[in-house]
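J.: Can you read through this structure? Questions will come right after.
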Amino acid sequence: MPLGTTVISQATNMTSENVLRAERFELVDRRGLTRAVLSCDGDSGAPTCAFLDSAGTTRVIVGIAWNDMPTIQLNADDGTARVALIVRPDDTGMMLVVDDQEHKQVITGTGIDAS
């Protein structure tokens, strides 16, 4: 039986005993360092998955914002947001790019806005 078939059949036969539920999961490496965190915001309940580098700095965040819009954020090694991909409430895409001088460019389907 191919591996994919096994995984699918296992997934379809799950019972409540096979489900692990928590408000927060941490993935650690061999050294015990947290490398990823899957959690929900305390107020809005919005889910996010954050990926950390070996220094413990959050470098990537994938999630659903408080307004239910999907987002991906890429951070510099100091944790500063540098690129964000966002689906806006009107279902159009937007990309925000920030340089090391905090100059921003917003790229949308209608053009580029620099500030």
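Chain labels A, B, ... are given in the sequence in which chains occur in the structure tokens; within each chain residues are numbered consecutively from 1, and ligands are likewise numbered from 1 in the order shown.
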Check the DSSP output for the backbone and give back, as a PDB file with C-alpha atoms, in the first residue's frame, the residues of chain A in strand (DSSP E).

T.:
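Contents of out.pdb, as written:
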```pdb
ATOM      1  CA  ARG A  24      -0.601  26.430  22.260  1.00  0.00           C
ATOM      2  CA  PHE A  25       1.902  24.022  20.728  1.00  0.00           C
ATOM      3  CA  GLU A  26       5.671  24.532  20.694  1.00  0.00           C
ATOM      4  CA  LEU A  27       8.001  22.677  18.359  1.00  0.00           C
ATOM      5  CA  VAL A  28      11.510  22.330  19.783  1.00  0.00           C
ATOM      6  CA  THR A  34      11.624  26.559  20.586  1.00  0.00           C
ATOM      7  CA  ARG A  35      11.603  26.794  16.782  1.00  0.00           C
ATOM      8  CA  ALA A  36       7.869  27.134  16.058  1.00  0.00           C
ATOM      9  CA  VAL A  37       4.751  28.097  18.002  1.00  0.00           C
ATOM     10  CA  LEU A  38       1.179  27.368  16.957  1.00  0.00           C
ATOM     11  CA  SER A  39      -1.305  29.326  19.031  1.00  0.00           C
ATOM     12  CA  CYS A  40      -4.466  31.413  19.084  1.00  0.00           C
ATOM     13  CA  PRO A  47      -4.652  31.376  14.902  1.00  0.00           C
ATOM     14  CA  THR A  48      -0.984  31.967  14.057  1.00  0.00           C
ATOM     15  CA  CYS A  49       2.071  29.845  13.474  1.00  0.00           C
ATOM     16  CA  ALA A  50       5.362  31.587  14.211  1.00  0.00           C
ATOM     17  CA  PHE A  51       8.746  30.217  13.138  1.00  0.00           C
ATOM     18  CA  LEU A  52      11.809  31.213  15.162  1.00  0.00           C
ATOM     19  CA  THR A  58      10.471  35.281  15.287  1.00  0.00           C
ATOM     20  CA  ARG A  59      11.298  35.274  11.568  1.00  0.00           C
ATOM     21  CA  VAL A  60       8.067  34.085   9.891  1.00  0.00           C
ATOM     22  CA  ILE A  61       4.453  34.407  10.977  1.00  0.00           C
ATOM     23  CA  VAL A  62       1.615  32.732   9.089  1.00  0.00           C
ATOM     24  CA  GLY A  63      -1.855  33.338  10.386  1.00  0.00           C
ATOM     25  CA  ILE A  64      -5.339  34.675  10.295  1.00  0.00           C
ATOM     26  CA  PRO A  70      -4.930  35.565   5.954  1.00  0.00           C
ATOM     27  CA  THR A  71      -1.432  37.031   6.435  1.00  0.00           C
ATOM     28  CA  ILE A  72       2.198  36.030   6.023  1.00  0.00           C
ATOM     29  CA  GLN A  73       4.904  38.165   7.632  1.00  0.00           C
ATOM     30  CA  LEU A  74       8.673  37.857   7.112  1.00  0.00           C
ATOM     31  CA  ASN A  75      10.939  39.483   9.709  1.00  0.00           C
ATOM     32  CA  ALA A  81       8.692  43.128   9.967  1.00  0.00           C
ATOM     33  CA  ARG A  82      10.131  43.520   6.458  1.00  0.00           C
ATOM     34  CA  VAL A  83       7.592  41.872   4.132  1.00  0.00           C
ATOM     35  CA  ALA A  84       3.916  41.161   4.665  1.00  0.00           C
ATOM     36  CA  LEU A  85       1.469  39.468   2.324  1.00  0.00           C
ATOM     37  CA  ILE A  86      -2.124  40.231   3.198  1.00  0.00           C
ATOM     38  CA  VAL A  87      -5.545  39.484   1.762  1.00  0.00           C
ATOM     39  CA  GLY A  93      -4.067  41.093  -2.261  1.00  0.00           C
ATOM     40  CA  MET A  94      -1.549  43.488  -0.788  1.00  0.00           C
ATOM     41  CA  MET A  95       2.175  43.272  -0.178  1.00  0.00           C
ATOM     42  CA  LEU A  96       3.958  45.585   2.239  1.00  0.00           C
ATOM     43  CA  VAL A  97       7.748  45.921   1.976  1.00  0.00           C
ATOM     44  CA  VAL A  98       9.785  47.824   4.596  1.00  0.00           C
ATOM     45  CA  LYS A 104       7.436  51.397   3.137  1.00  0.00           C
ATOM     46  CA  GLN A 105       6.125  50.299  -0.217  1.00  0.00           C
ATOM     47  CA  VAL A 106       2.605  48.990  -0.493  1.00  0.00           C
ATOM     48  CA  ILE A 107       1.932  46.956  -3.605  1.00  0.00           C
ATOM     49  CA  THR A 108      -1.662  46.261  -4.560  1.00  0.00           C
ATOM     50  CA  GLY A 111      -0.237  49.989  -8.165  1.00  0.00           C
ATOM     51  CA  ILE A 112       2.620  50.836  -5.817  1.00  0.00           C
ATOM     52  CA  ASP A 113       2.469  53.400  -3.017  1.00  0.00           C
ATOM     53  CA  ALA A 114       5.821  54.406  -1.483  1.00  0.00           C
TER      54      ALA A 114
END
```

J.: Using the chain letters and numbers from this document, which residues of chain A does DSSP assign to alpha helix (DSSP H), as an MDAnalysis selection string?

T.: chainID A and resid 3:12

J.: Kindly save the residues from that selection, with N, CA and C atoms included, as a PDB file, in the first residue's frame.

T.:
```
ATOM      1  N   LEU A   3       2.369   4.962   0.700  1.00  0.00           N
ATOM      2  CA  LEU A   3       2.361   5.756   1.937  1.00  0.00           C
ATOM      3  C   LEU A   3       1.179   6.717   1.980  1.00  0.00           C
ATOM      4  N   GLY A   4       0.895   7.406   0.876  1.00  0.00           N
ATOM      5  CA  GLY A   4      -0.215   8.354   0.843  1.00  0.00           C
ATOM      6  C   GLY A   4      -1.541   7.708   1.198  1.00  0.00           C
ATOM      7  N   THR A   5      -1.751   6.501   0.734  1.00  0.00           N
ATOM      8  CA  THR A   5      -2.979   5.783   1.031  1.00  0.00           C
ATOM      9  C   THR A   5      -3.079   5.472   2.517  1.00  0.00           C
ATOM     10  N   THR A   6      -1.965   5.079   3.108  1.00  0.00           N
ATOM     11  CA  THR A   6      -1.952   4.782   4.532  1.00  0.00           C
ATOM     12  C   THR A   6      -2.308   6.011   5.348  1.00  0.00           C
ATOM     13  N   VAL A   7      -1.714   7.133   5.001  1.00  0.00           N
ATOM     14  CA  VAL A   7      -1.970   8.372   5.732  1.00  0.00           C
ATOM     15  C   VAL A   7      -3.421   8.771   5.602  1.00  0.00           C
ATOM     16  N   ILE A   8      -3.974   8.671   4.406  1.00  0.00           N
ATOM     17  CA  ILE A   8      -5.375   9.047   4.199  1.00  0.00           C
ATOM     18  C   ILE A   8      -6.293   8.131   4.995  1.00  0.00           C
ATOM     19  N   SER A   9      -6.033   6.820   4.948  1.00  0.00           N
ATOM     20  CA  SER A   9      -6.925   5.916   5.679  1.00  0.00           C
ATOM     21  C   SER A   9      -6.797   6.124   7.180  1.00  0.00           C
ATOM     22  N   GLN A  10      -5.604   6.430   7.666  1.00  0.00           N
ATOM     23  CA  GLN A  10      -5.453   6.710   9.083  1.00  0.00           C
ATOM     24  C   GLN A  10      -6.212   7.971   9.469  1.00  0.00           C
ATOM     25  N   ALA A  11      -6.145   8.990   8.620  1.00  0.00           N
ATOM     26  CA  ALA A  11      -6.814  10.247   8.930  1.00  0.00           C
ATOM     27  C   ALA A  11      -8.332  10.084   8.939  1.00  0.00           C
ATOM     28  N   THR A  12      -8.865   9.269   8.044  1.00  0.00           N
ATOM     29  CA  THR A  12     -10.318   9.120   7.984  1.00  0.00           C
ATOM     30  C   THR A  12     -10.855   8.225   9.091  1.00  0.00           C
TER      31      THR A  12
END
```

J.: Go ahead and compute the interatomic distance for CA of Asp41 in chain A and CA of Thr57 in chain A, in Å to one decimal.

T.: 18.7 Å

J.: Kindly indicate which residue among A:Glu23, A:Asp29, A:Asp90, A:Glu17 lies nearest to Gly42 in chain A, using only C-alpha atoms for the distances.

T.: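 Ranking A:Glu23, A:Asp29, A:Asp90, A:Glu17 by distance to Gly42 in chain A, first place goes to A:Glu23.
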
J.: Give the answer as one residue: which of A:Asn18, A:Thr92, A:Ser54, A:Gly45 has the shortest atom-to-atom distance to Leu33 in chain A, using only C-alpha atoms?

T.: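 The closest residue to Leu33 in chain A is A:Ser54.
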
J.: So the first atom is CA of Asp78 in chain A and the second is CA of His103 in chain A; what is the distance between them in Å, to one decimal place?

T.: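 Computing it gives 16.6 Å between the two atoms.
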